[in-house]
Amino acid sequence: MENIPRVLPKHLGVEIDALKWNLPPIFRWIQKEGNVSNQVMIRTFNCGLGMVFIVAPEDADLVLKMLKINGESDASIVGSVVIPKTQPVVIRNFANIWDKPIVPELSNKKRVAVLISGSGTNLQALIDHTMDTSKNSAAEIVLVISNIEGVAGLKRASDAGIRTLVIPHAGKKRVEFDMEVHDALVSAQIDFVVLAGFMRICSEKFVNLWEGRLINIHPSLLPSFKGMHTHQDAISAGVRVHGATVHFVDAGVDTGPIILQEPVPVLPNDTPEILQERVKLEAEHKIYPLALEHLARGDVVYDYQNKKAVWKL
Ligand code: GRF
């Protein structure tokens, strides 16, 4: 027994699935009454995960049985020891164990949904910003929806304790799919919808329903280089400056009122891939969190009459 280490070796971490433990109602009450974000709930309270035994996989069932025999009827296997890819402790599905979203009036943060289809590096920048308690963000990402199963962005969200939803588009009419997304957004009481690498063109019906509360990031300095191949187009055109734009979404493609833009240089040996990386790192990941913050704080609003972005600063 004395040879068993009492702390996990540094290169190991634990991955826990919140769906596998019982959440006592007191924690839901604390979260609601205290307007506490999921991240702070996990960091501050044990949320019913009172004591954790780390045992060899082959001993797990026996240890569980012994605990139950000795009166710990709630004991369950909640996770495993892993070689961590991100943080040493990952809690999955934390957002999914609350039966209802927090009542919005109790939270002064704007409830944000991010729609993705892929790697989600912009989503990550948004998560990092909104969850950084030192920034006291006015926005909280409470839902991430992907139209494609298994994409890396979904893992980024669940690693951060954010509820995820996959709504496949295959075999559905555009409006039918959009209305499914709309229903999910409404039932999660979403204030703002952020498109982050969401590879779908939204129907006019959806855009009208979310007009002024729906934003997108496009990898060019709009109105230059609309469409899918912006980095190749910028190189072919020989421009020396390229960049990214955050804009409100309207019924056109890459045409809505501009909120923020950020330039990056185009360098002589750039390939589309190199340029894309620079645009993401130096422009997109910088202005998307900033634009969301301004929107959530009401620094920039959508003028419904003139269809323009209006700054209050
Ligand atoms: C970004 O370049 C964004 O501007 C565009 O799609 C890409 C998504 O990348 N709309 P990621 O999934 O955020 O890494």
# chains A, B, ... in the order shown; residues from 1 in each chain; ligands from 1

call {"tool": "closest_atom_pairs", "arguments": {"of": "chain A", "to": "ligand 1", "cutoff": "7 Å", "atoms": "only C-alpha atoms and all ligand atoms", "output": "tab-separated table"}}
result
residue	atom	partner	partner_atom_place_in_ligand_line	distance
A:Ile116	CA	ligand 1	12 (O)	6.7
A:Ser117	CA	ligand 1	12 (O)	6.8
A:Gly118	CA	ligand 1	12 (O)	4.7
A:Ser119	CA	ligand 1	12 (O)	4.1
A:Gly120	CA	ligand 1	12 (O)	3.5
A:Thr121	CA	ligand 1	14 (O)	3.7
A:Asn122	CA	ligand 1	13 (O)	3.7
A:Leu123	CA	ligand 1	13 (O)	5.8
A:Gly153	CA	ligand 1	12 (O)	7.0
A:Ala196	CA	ligand 1	13 (O)	5.3
A:Gly197	CA	ligand 1	8 (C)	3.5
A:Phe198	CA	ligand 1	10 (N)	6.6
A:Ile217	CA	ligand 1	4 (O)	4.9
A:His218	CA	ligand 1	4 (O)	4.2
A:Pro219	CA	ligand 1	4 (O)	4.2
A:Ala244	CA	ligand 1	4 (O)	7.0
A:Gln276	CA	ligand 1	2 (O)	6.9
A:Lys280	CA	ligand 1	2 (O)	6.0
A:Glu284	CA	ligand 1	4 (O)	6.6

call {"tool": "residues_around", "arguments": {"residues": "Val193 of chain A", "least_positions_apart": "3", "cutoff": "7 Å", "atoms": "only C-alpha atoms", "output": "list in words"}}
result
Val112, Ala113, Val114, Arg213, Leu214 and Ile215 of chain A

call {"tool": "closest_residue", "arguments": {"among": "A:Arg200, A:Lys205, A:Lys155, A:Arg43", "to": "Val175 of chain A", "atoms": "only C-alpha atoms"}}
result
A:Lys205

call {"tool": "atom_distance", "arguments": {"atom1": "atom CA of Asn22 of chain A", "atom2": "atom CA of Leu185 of chain A"}}
result
26.9 Å

call {"tool": "select_by_dssp", "arguments": {"residues": "segment 45-236 of chain A", "states": "helix (DSSP H, G or I)", "output": "ChimeraX atom specification"}}
result
/A:57-69,94-97,104-106,121-131,133-135,152-159,174-187,204-210,230-236

call {"tool": "select_by_dssp", "arguments": {"residues": "segment 70-296 of chain A", "states": "strand (DSSP E or B)", "output": "PyMOL selection string"}}
result
chain A and resi 79-82+89-92+110-116+139-146+163-166+192-195+214-218+241-248+258-265

call {"tool": "atom_distance", "arguments": {"atom1": "atom CA of Leu281 of chain A", "atom2": "atom CA of Val253 of chain A"}}
result
23.6 Å

call {"tool": "closest_residue", "arguments": {"among": "A:Val266, A:Ala75, A:Ile97, A:Leu295", "to": "Leu49 of chain A", "atoms": "only C-alpha atoms"}}
result
A:Ala75

call {"tool": "residues_around", "arguments": {"residues": "Gly298 of chain A", "least_positions_apart": "4", "cutoff": "10 Å", "atoms": "only C-alpha atoms", "output": "VMD selection string"}}
result
chain A and resid 138 292 to 294 302 310 to 313

call {"tool": "write_last_selection", "arguments": {"atoms": "all heavy atoms", "output": "PDB file, in the first residue's frame"}}
result
ATOM      1  N   ALA A 138     -19.795  40.558 -20.453  1.00  0.00           N
ATOM      2  CA  ALA A 138     -21.246  40.727 -20.393  1.00  0.00           C
ATOM      3  C   ALA A 138     -21.954  39.598 -21.136  1.00  0.00           C
ATOM      4  O   ALA A 138     -23.177  39.581 -21.224  1.00  0.00           O
ATOM      5  CB  ALA A 138     -21.623  42.078 -20.988  1.00  0.00           C
ATOM      6  N   LEU A 292     -18.238  40.691 -29.884  1.00  0.00           N
ATOM      7  CA  LEU A 292     -19.298  40.097 -29.054  1.00  0.00           C
ATOM      8  C   LEU A 292     -19.435  40.880 -27.750  1.00  0.00           C
ATOM      9  O   LEU A 292     -20.539  41.157 -27.283  1.00  0.00           O
ATOM     10  CB  LEU A 292     -18.990  38.617 -28.762  1.00  0.00           C
ATOM     11  CG  LEU A 292     -20.006  37.933 -27.838  1.00  0.00           C
ATOM     12  CD1 LEU A 292     -21.400  37.900 -28.446  1.00  0.00           C
ATOM     13  CD2 LEU A 292     -19.553  36.525 -27.475  1.00  0.00           C
ATOM     14  N   GLU A 293     -18.306  41.255 -27.187  1.00  0.00           N
ATOM     15  CA  GLU A 293     -18.328  42.013 -25.931  1.00  0.00           C
ATOM     16  C   GLU A 293     -19.056  43.351 -26.118  1.00  0.00           C
ATOM     17  O   GLU A 293     -19.912  43.728 -25.322  1.00  0.00           O
ATOM     18  CB  GLU A 293     -16.886  42.244 -25.457  1.00  0.00           C
ATOM     19  CG  GLU A 293     -16.771  42.701 -24.028  1.00  0.00           C
ATOM     20  CD  GLU A 293     -17.391  41.730 -23.031  1.00  0.00           C
ATOM     21  OE1 GLU A 293     -17.089  40.534 -23.074  1.00  0.00           O
ATOM     22  OE2 GLU A 293     -18.203  42.192 -22.210  1.00  0.00           O
ATOM     23  N   HIS A 294     -18.704  44.053 -27.193  1.00  0.00           N
ATOM     24  CA  HIS A 294     -19.362  45.344 -27.468  1.00  0.00           C
ATOM     25  C   HIS A 294     -20.865  45.155 -27.666  1.00  0.00           C
ATOM     26  O   HIS A 294     -21.674  45.966 -27.207  1.00  0.00           O
ATOM     27  CB  HIS A 294     -18.756  45.987 -28.715  1.00  0.00           C
ATOM     28  CG  HIS A 294     -17.430  46.657 -28.458  1.00  0.00           C
ATOM     29  ND1 HIS A 294     -17.267  47.611 -27.480  1.00  0.00           N
ATOM     30  CD2 HIS A 294     -16.227  46.513 -29.058  1.00  0.00           C
ATOM     31  CE1 HIS A 294     -16.016  48.027 -27.485  1.00  0.00           C
ATOM     32  NE2 HIS A 294     -15.355  47.373 -28.419  1.00  0.00           N
ATOM     33  N   TYR A 302     -27.900  47.459 -33.441  1.00  0.00           N
ATOM     34  CA  TYR A 302     -28.362  47.386 -34.819  1.00  0.00           C
ATOM     35  C   TYR A 302     -29.510  48.372 -34.989  1.00  0.00           C
ATOM     36  O   TYR A 302     -30.475  48.361 -34.216  1.00  0.00           O
ATOM     37  CB  TYR A 302     -28.821  45.955 -35.099  1.00  0.00           C
ATOM     38  CG  TYR A 302     -29.251  45.710 -36.509  1.00  0.00           C
ATOM     39  CD1 TYR A 302     -28.323  45.519 -37.523  1.00  0.00           C
ATOM     40  CD2 TYR A 302     -30.607  45.627 -36.836  1.00  0.00           C
ATOM     41  CE1 TYR A 302     -28.722  45.271 -38.824  1.00  0.00           C
ATOM     42  CE2 TYR A 302     -31.013  45.374 -38.131  1.00  0.00           C
ATOM     43  CZ  TYR A 302     -30.067  45.200 -39.122  1.00  0.00           C
ATOM     44  OH  TYR A 302     -30.471  44.951 -40.396  1.00  0.00           O
ATOM     45  N   VAL A 310     -24.754  50.857 -35.223  1.00  0.00           N
ATOM     46  CA  VAL A 310     -24.609  52.184 -34.620  1.00  0.00           C
ATOM     47  C   VAL A 310     -23.831  52.068 -33.305  1.00  0.00           C
ATOM     48  O   VAL A 310     -24.206  51.279 -32.436  1.00  0.00           O
ATOM     49  CB  VAL A 310     -25.995  52.819 -34.333  1.00  0.00           C
ATOM     50  CG1 VAL A 310     -25.834  54.175 -33.670  1.00  0.00           C
ATOM     51  CG2 VAL A 310     -26.780  52.942 -35.631  1.00  0.00           C
ATOM     52  N   TRP A 311     -22.773  52.848 -33.204  1.00  0.00           N
ATOM     53  CA  TRP A 311     -21.938  52.819 -31.999  1.00  0.00           C
ATOM     54  C   TRP A 311     -22.421  53.827 -30.987  1.00  0.00           C
ATOM     55  O   TRP A 311     -22.744  54.958 -31.338  1.00  0.00           O
ATOM     56  CB  TRP A 311     -20.469  53.066 -32.357  1.00  0.00           C
ATOM     57  CG  TRP A 311     -19.868  51.876 -33.029  1.00  0.00           C
ATOM     58  CD1 TRP A 311     -19.889  51.609 -34.365  1.00  0.00           C
ATOM     59  CD2 TRP A 311     -19.220  50.776 -32.393  1.00  0.00           C
ATOM     60  NE1 TRP A 311     -19.278  50.386 -34.603  1.00  0.00           N
ATOM     61  CE2 TRP A 311     -18.849  49.852 -33.408  1.00  0.00           C
ATOM     62  CE3 TRP A 311     -18.909  50.465 -31.063  1.00  0.00           C
ATOM     63  CZ2 TRP A 311     -18.190  48.662 -33.129  1.00  0.00           C
ATOM     64  CZ3 TRP A 311     -18.250  49.268 -30.792  1.00  0.00           C
ATOM     65  CH2 TRP A 311     -17.894  48.383 -31.825  1.00  0.00           C
ATOM     66  N   LYS A 312     -22.473  53.402 -29.724  1.00  0.00           N
ATOM     67  CA  LYS A 312     -22.924  54.307 -28.652  1.00  0.00           C
ATOM     68  C   LYS A 312     -21.735  54.850 -27.882  1.00  0.00           C
ATOM     69  O   LYS A 312     -21.903  55.597 -26.927  1.00  0.00           O
ATOM     70  CB  LYS A 312     -23.834  53.545 -27.668  1.00  0.00           C
ATOM     71  CG  LYS A 312     -25.025  52.890 -28.316  1.00  0.00           C
ATOM     72  CD  LYS A 312     -26.158  53.888 -28.440  1.00  0.00           C
ATOM     73  CE  LYS A 312     -27.361  53.245 -29.106  1.00  0.00           C
ATOM     74  NZ  LYS A 312     -28.380  54.200 -29.475  1.00  0.00           N
ATOM     75  N   LEU A 313     -20.555  54.405 -28.217  1.00  0.00           N
ATOM     76  CA  LEU A 313     -19.365  54.812 -27.450  1.00  0.00           C
ATOM     77  C   LEU A 313     -18.935  56.233 -27.810  1.00  0.00           C
ATOM     78  O   LEU A 313     -19.036  56.619 -28.958  1.00  0.00           O
ATOM     79  CB  LEU A 313     -18.216  53.856 -27.731  1.00  0.00           C
ATOM     80  CG  LEU A 313     -18.331  52.462 -27.123  1.00  0.00           C
ATOM     81  CD1 LEU A 313     -17.155  51.596 -27.551  1.00  0.00           C
ATOM     82  CD2 LEU A 313     -18.401  52.519 -25.606  1.00  0.00           C
TER      83      LEU A 313
END

call {"tool": "residues_around", "arguments": {"residues": "Val279 of chain A", "least_positions_apart": "6", "cutoff": "10 Å", "atoms": "only C-alpha atoms", "output": "MDAnalysis selection string"}}
result
chainID A and resid 219:220 231 242:244 262:266 273 285:286

call {"tool": "closest_residue", "arguments": {"among": "A:Ser146, A:His11, A:Phe27, A:Gln39", "to": "Lys85 of chain A", "atoms": "only C-alpha atoms"}}
result
A:His11
